[in-house]
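Here the structure is laid out as structure tokens; the discussion comes afterwards.
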Amino acid sequence: MIYRVRHVTRYDYQTPVDLGAHLAHLRPRALPHQKVLRAGVHAAPAVSWRREGTDHFGNEVTWLFLDVVHAAFQVTADATVDVACPEAPEAGATAHWEEVARQAWTDWQVAEFLFDSPHAPADHAARAYAFDCFPARRPVLDALLDLSARIHRDFTFRAGVTSTSTRISEVLRRREGVCQDFTHLMISALRSFGLPARYVSGYVRTRPTRARLGADQSHAWVSCWLGPAHGWLDVDPTNGIVVRDEHVVLGWGRDFGDVTPLRGVILGGGEQTLSVEVVLEEAT
Amino acid sequence: MARDEMVDGKGGLRPQWRSLLGVLAGLGHAELADRARRLERVMQDDGVASLLPGSPPDPWRFDPIPLPLSQTEFLTLQAGLVQRARLLDAMLTDLYGDQKMLSQGALPPALVYANPDFLRPCRHAGLGSLHCYAADLLRTEDGAWNVLADRTGLADGLAHVLQNRRQLGRVIPELFASQLLCNLDPFVELCMDALRRAAGSARAALLTPGHDDPAWYSHVLLARELSCVLVEGGDLTVRDGGLFLKTLRGLQPIGALLRGIPGRSIDPLELEPDGLGVPGLLAVARHAVRILNSPGSELVEAPGFSAFLPDLARRLLGETLQLPSVPTVWLGTTDRPFGWQAIPAFAPSWRPASPEEVAAAPWRYVARTVVEPSVAPCLSGDGLVPRPILVRMFLMRDRGVWHALPGGLGCVLFDALQTWPDQGSLLAKDVWVLAENPAAIEGPPPFRAAPLAIRRTAGDMPSRVADNFFWRGRYLERLEGAARLLCLTIGRLSGPAPTPHEVAELDVLIACLAQAGLVNADAVAGLGTTALSHALLRAAGSWGAVHALLGQVSRLTGLLRDQLTSEMHAVTARGMREVEEALKRIPGPADGQALDAASRAMSRVLGFAAALSGLTAENMVRGGGRLFLDLGRRVERAQAIADQIACALEFPGAARQPARVEHGLRLALELCDSSITYRSRYLSVLQPAPALDLLLADEGNPRGLAFQLAAIRSLLSEIGSGADTSLAAIATTLLDEPASMVRTLSEAADQSVAALFLPARLRSLRDAVAELCERVSRRYFALLPTARAVGIEVPSRSLRGAA
């Protein structure tokens with residue numbers, strides 16, 4: 001499936017900004033199941049200096065520096081990608097979760113995602129919430145799908161009630177939030193059982209309208225490790241599905257903080273308003 | 001049984017102590033105790049207390065008995081330390097690069113990925129190298145040295161070693177007379193060279209967290225020793241792919257940054273937005289600026305790595321580790337051996353861990369043997385007593401080669417806790433390396449700097465410092481002006497009920513007070529003297545307007561602590577304390593003595609301001625900070641004079657009866673403290689043109705307007721040092737205006753009528769001065785707005801730029 005993505009982020013500042021430094025995770029990374037046919041990041045006003053590179057996790061990064069006085073800053077990311085995820089393995093045939101947890105410790109590339117991170121520490125409340133999904137010796141994918149389905153069932157998708165600094169216990173109490181919250185909740189739960197989990201930042205297809213939650217904006221989901229035989233599998237707890245060909249991956253990290261789509265430090269500016277617009281549609 | 005550094009346990013004295021003990025015996029205990037007291041005094045005079053009056057005294061105390069090491073011993077130690085530095089450097093390069101040590105299974109992933117000092121944004125950035133290294137060592141019972149802790153951030157103490165050595169030489173020169181020591185200077189020169197080489201054609205700077213950090217004092221010392229500029233994050237900016245220092249002459253490139261802040265604070269864009277770092281620094285760190293040590297270098301000082309060093313030395317260097325750590329095992333894979341102590345595996349926090357903590361996450365802990373450090377003689381009330389000691393040694397890399405300081409910082413331990421004590425409880429010792437073959441000691445070839453151009457201005461002063469001086473001048477002047485105005489007004493209230501003439505004068509004074517923000521005109525005008533006295537007492541008393549101004553002066557004085565001489569600082573601190581007490585003593589309005597007390601307190605404020613001005617005039621070099629301090633005072637006074645004379649010329653009733661302007665003139669002379677001068681020139685005849693000539697146009701009257709404007713003009717041309725004349729040119733045109741006003745008056749048929757038209761001109765002149773201030777700010781300080789994070793939500797704490 002070939003998609004075109006257009007992601008516009010705009011800051012309007014109350015008073016002019018003298019200097020801005022921004023860091024963008026806005027170019028999709030190339031993967032075995034995701035070919036990046038075209039990707040670009042454009043800034044207005046024009047930047048005085050820019051750099052591109054990859055980060056520790058292998059994600060594409062763009063640095064943008066502005067030193068003209070500006071009252072608004074807009075970043076437009078455009079990309080065309082070809083997505084084809086392989087079939088998920090049969091859940092019952094995957095290794096049991098205790099075995100996967102044990103193997104994760106010695107795999108140096110996997111172990112990184114076992115440990116606490118600022119937005120997704122192993123959490124007692126999250127562990128209690130997920131406890132029933134992890135009876136002894138249950139196949140790991142069974143447990144993961146169960147947990148993802150539960151989150152989808154128990155939580156209401158509602159924008160504006162939480163923010164990037166909302167704690168997991170608060171999300172659990174409210175039983176509502178957005179994709180970031182559900183993703184952090186699931187990661188925290190998995191880590192509390194000693195299972196590695198990654199935070200994936202990206203997009204989910206926009207049409208048909210309202211078919212999928214988390215469209216029209218940045219989306220996030222969880223990547224879970226099924227052991228050395230099957231590797232990583234992406235699961236979207238916001239929609240309660242396994243990721244196949246409706247998602248486009250920008251990049252991944254331990255949590256939101258590692259792959260924030262756009263962050264910056266500005267000098268001046270006063271109050272600011274942020275608007276974000278995302279369109280992901282099939283290329284014709 | 002701990003090893004004794006001085007005696008060999010068989011009744012013999014170790015050879016390196018012989019001549020030293022001879023000197024100590026020759027001095028005798030009483031003399032030695034006396035010298036120790038002198039040493040303590042000297043250290044206090046020269047120490048942090050002299051730099052920061054009012055701050056707690058220097059937390060470093062100093063034991064006068066040195067710890068001598070033989071040359072052979074030092075060379076062995078040096079070889080071991082150099083190998084360790086090479087190893088830690090190779091580990092950093094690997095862990096911030098290919099991570100072969102992880103993929104090959106030489107290191108458990110937990111030690112890296114769960115380590116808070118592993119800074120992911122620094123990976124693949126060409127970062128991950130070590131330039132400065134220090135190690136805390138102890139000697140075990142069998143005489144071998146063990147490393148207790150590696151210091152791969154910026155280790156405190158190098159500047160203290162140099163200072164200790166100098167002071168000891170001053171106070172007990174006998175110690176140095178009988179034997180040759182390795183000189184410390186070549187190492188300092190080497191550090192300076194390494195920094196200059198790293199900086200290339202640009203400058204080198206030491207990045208400090210700022211004056212409220214405990215390490216600030218040692219950063220001030222180190223920056224002086226290494227002749228590099230001391231900067232805070234807000235002084236630096238990333239532009240066009242480079243790093244720059246904001247100075248009065250504009251942006252100056254920085255090529256090397258000695259990092260005195262934690263790696264995780266270095267760049268708020270990618271790491272922690274705690275306000276210490278520079279946004280975007282990591283993006284330019286690879287090609288435009290060298291950061292010593294690389295951000296994230298603290299990673300490898302985690303005790304968790306100690307257990308793996310022997311194996312890593314073989315893998316990375318192909319060598320056997322020469323200088324071992326205190327025996328350590330990682331509890332992630334090994335059980336705690338009996339009698340060993342469990343401590344956290346990450347971020348040197350040396351508290352012992354409880355068995356419950358270890359059981360919950362054993363991989364977070366290591367276990368270490370409990371070693372008894374060797375003891376060395378220390379001076380106490382009863383003579384020399386042996387006490388356990390640690391030694392910190394310092395290494396620096398220059399052109400790929402590591403060098404060790406032939407000396408070090410000894411530290412006396414008072415409790416069983418085996419860790420370098422926090423500042424505040426450190427008793428330091430000078431560590432000597434005896435020179436057995438003086439000819440063999442060679443310094444590195446010196447790095448020749450180009451001859452410096454003679455300079456009288458401080459163009460390289462960071463804008464933040466100049467900004468602070470400017471505002472200190474402005475607030476000092478506001479404080480003085482407020483006290484003067486309150487004094488005058490209170491003086492008119494203390495007599496019996498005021499005459500109509502006095503009421504009119506009070507109206508003018510109220511207008512002036514309101515203009516200065518000291519009273520609210522609507523709340524007192526026409527409401528009688530009681531309301532006015534209450535308002536005056538509020539402005540003068542604790543938490544009133546005067547108190548707030550005093551607070552601003554105090555804040556800015558604090559920010560300039562490292563720029564002011566100790567005398568200046570002492571006078572300021574003492575004066576401020578006295579004034580504050582005087583303000584507190586003003587009773588409530590019900591008390592009949594309240595106005596009297598307020599008047600006395602205001603006199604004290606005036607005295608304080610005068611003392612500071614006198615000290616500035618006599619002690620501060622003209623140039624740099626002084627120029628901005630003076631400029632601040634002059635612009636503030638010029639505006640106040642213009643305002644007050646305008647108010648006085650609008651004397652009640654003058655519009656209908658122009659002759660009443662005479663009363664206004666009398667008051668204006670009083671407000672500008674110029675009545676006596678006027679009388680001496682013109683006796684008792686009061687006319688507008690001569691009076692306003694004295695107040696507005698006479699450049700010789702320090703309380704007059706022209707004097708301020710002329711001073712502003714010459715300060716601005718000095719600050720622009722001939723190159724930038726645009727601001728001075730504006731000041732020159734302003735200076736024409738008062739003369740023109742006086743000319744208008746002299747030529748007028750009726751001077752009193754003509755004087756009624758002056759207030760509008762005075763106010764527009766005041767606005768022009770304010771506009772000039774704006775231009776000064778934009779030209780010299782505009783680079784200083786506060787940085788804020790966007791896109792991620794951080795607790796609403798703005799990033800600290802500059803004051």
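How things are named: the first chain in the structure tokens is A, the next is B, and so on; residues count from 1 in each chain; ligands count from 1 in the order shown.
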
For this session: Name all residues at most 8 Å from B:Leu130 (count only C-alpha atoms; drop same-chain ones fewer than 6 positions away) and give them as a list in words.
Result: Ala85, Leu88, Asp89, Leu92, Thr152, Leu292, Asn293, Ser294, Ser297 and Arg397 of chain B

Using only C-alpha atoms, please write the residues we just selected to a file, as an mmCIF file, in the first residue's frame.
```cif
data_model
loop_
_atom_site.group_PDB
_atom_site.id
_atom_site.type_symbol
_atom_site.label_atom_id
_atom_site.label_comp_id
_atom_site.auth_asym_id
_atom_site.auth_seq_id
_atom_site.Cartn_x
_atom_site.Cartn_y
_atom_site.Cartn_z
ATOM 1 C CA ALA B 85 42.437 7.142 31.006
ATOM 2 C CA LEU B 88 37.939 4.909 29.709
ATOM 3 C CA ASP B 89 38.383 6.984 26.553
ATOM 4 C CA LEU B 92 33.388 6.095 25.682
ATOM 5 C CA THR B 152 35.294 11.485 33.912
ATOM 6 C CA LEU B 292 35.928 18.815 27.131
ATOM 7 C CA ASN B 293 34.919 16.331 28.335
ATOM 8 C CA SER B 294 32.332 15.243 25.814
ATOM 9 C CA SER B 297 31.459 11.204 29.563
ATOM 10 C CA ARG B 397 45.355 14.815 27.267
#
```

If you take only C-alpha atoms and a cut-off of 6 Å, which residues of chain A touch chain B, and what are their nearest atom pairs and distances in Å to one decimal, in chain and number order, as a Markdown table?
```
| residue | atom | partner | partner_atom | distance |
| --- | --- | --- | --- | --- |
| A:Trp49 | CA | B:Asp240 | CA | 5.3 |
| A:His56 | CA | B:Arg123 | CA | 5.5 |
| A:Trp108 | CA | B:Pro109 | CA | 5.5 |
| A:Glu112 | CA | B:Tyr113 | CA | 5.3 |
| A:Phe115 | CA | B:Ala114 | CA | 6.0 |
| A:Leu262 | CA | B:Gly791 | CA | 5.9 |
| A:Arg263 | CA | B:Gly791 | CA | 4.3 |
| A:Gly264 | CA | B:Val790 | CA | 5.0 |
| A:Val265 | CA | B:Ala789 | CA | 4.3 |
| A:Ile266 | CA | B:Arg788 | CA | 5.3 |
| A:Leu267 | CA | B:Ala787 | CA | 4.4 |
| A:Gly268 | CA | B:Pro785 | CA | 5.8 |
```

For the selection you just gave me, I'd like the residues written to a file as a compact mmCIF listing (two decimals), in the first residue's frame, keeping N, CA and C atoms.
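As a result, again_22.txt now contains:
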```txt
# COMPACT_ATOMS: atom_id res chain seq x y z
N TRP A 49 20.14 27.75 9.31
CA TRP A 49 21.06 26.61 9.30
C TRP A 49 20.26 25.35 9.56
N HIS A 56 20.26 7.90 17.98
CA HIS A 56 20.70 6.67 18.61
C HIS A 56 19.86 5.46 18.18
N TRP A 108 21.37 -7.57 23.39
CA TRP A 108 21.77 -6.19 23.69
C TRP A 108 20.92 -5.15 23.01
N GLU A 112 17.56 -2.67 25.90
CA GLU A 112 17.38 -1.24 26.15
C GLU A 112 15.93 -0.89 26.49
N PHE A 115 14.01 -1.15 30.36
CA PHE A 115 14.22 -0.30 31.53
C PHE A 115 13.28 0.90 31.55
N LEU A 262 8.18 17.25 16.92
CA LEU A 262 8.84 18.54 16.78
C LEU A 262 9.00 19.16 18.16
N ARG A 263 10.22 19.47 18.55
CA ARG A 263 10.44 20.16 19.81
C ARG A 263 11.41 21.28 19.55
N GLY A 264 11.39 22.28 20.43
CA GLY A 264 12.26 23.41 20.16
C GLY A 264 12.52 24.25 21.39
N VAL A 265 13.46 25.16 21.25
CA VAL A 265 13.72 26.16 22.28
C VAL A 265 13.73 27.50 21.55
N ILE A 266 12.94 28.45 22.07
CA ILE A 266 12.85 29.75 21.40
C ILE A 266 13.26 30.84 22.37
N LEU A 267 13.71 31.96 21.83
CA LEU A 267 13.99 33.14 22.63
C LEU A 267 12.93 34.18 22.30
N GLY A 268 12.22 34.63 23.31
CA GLY A 268 11.14 35.58 23.11
C GLY A 268 9.83 34.84 22.86
```

Exercise. What are the DSSP alpha helix (DSSP H) residues of stretch 138-218 of chain A, as number ranges by chain?
Worked result: A: 140-154, 168-174, 179-192

Exercise. Interatomic distance between atom CA of B:Asp698 and atom CA of B:Ala729?
Worked result: 19.8 Å
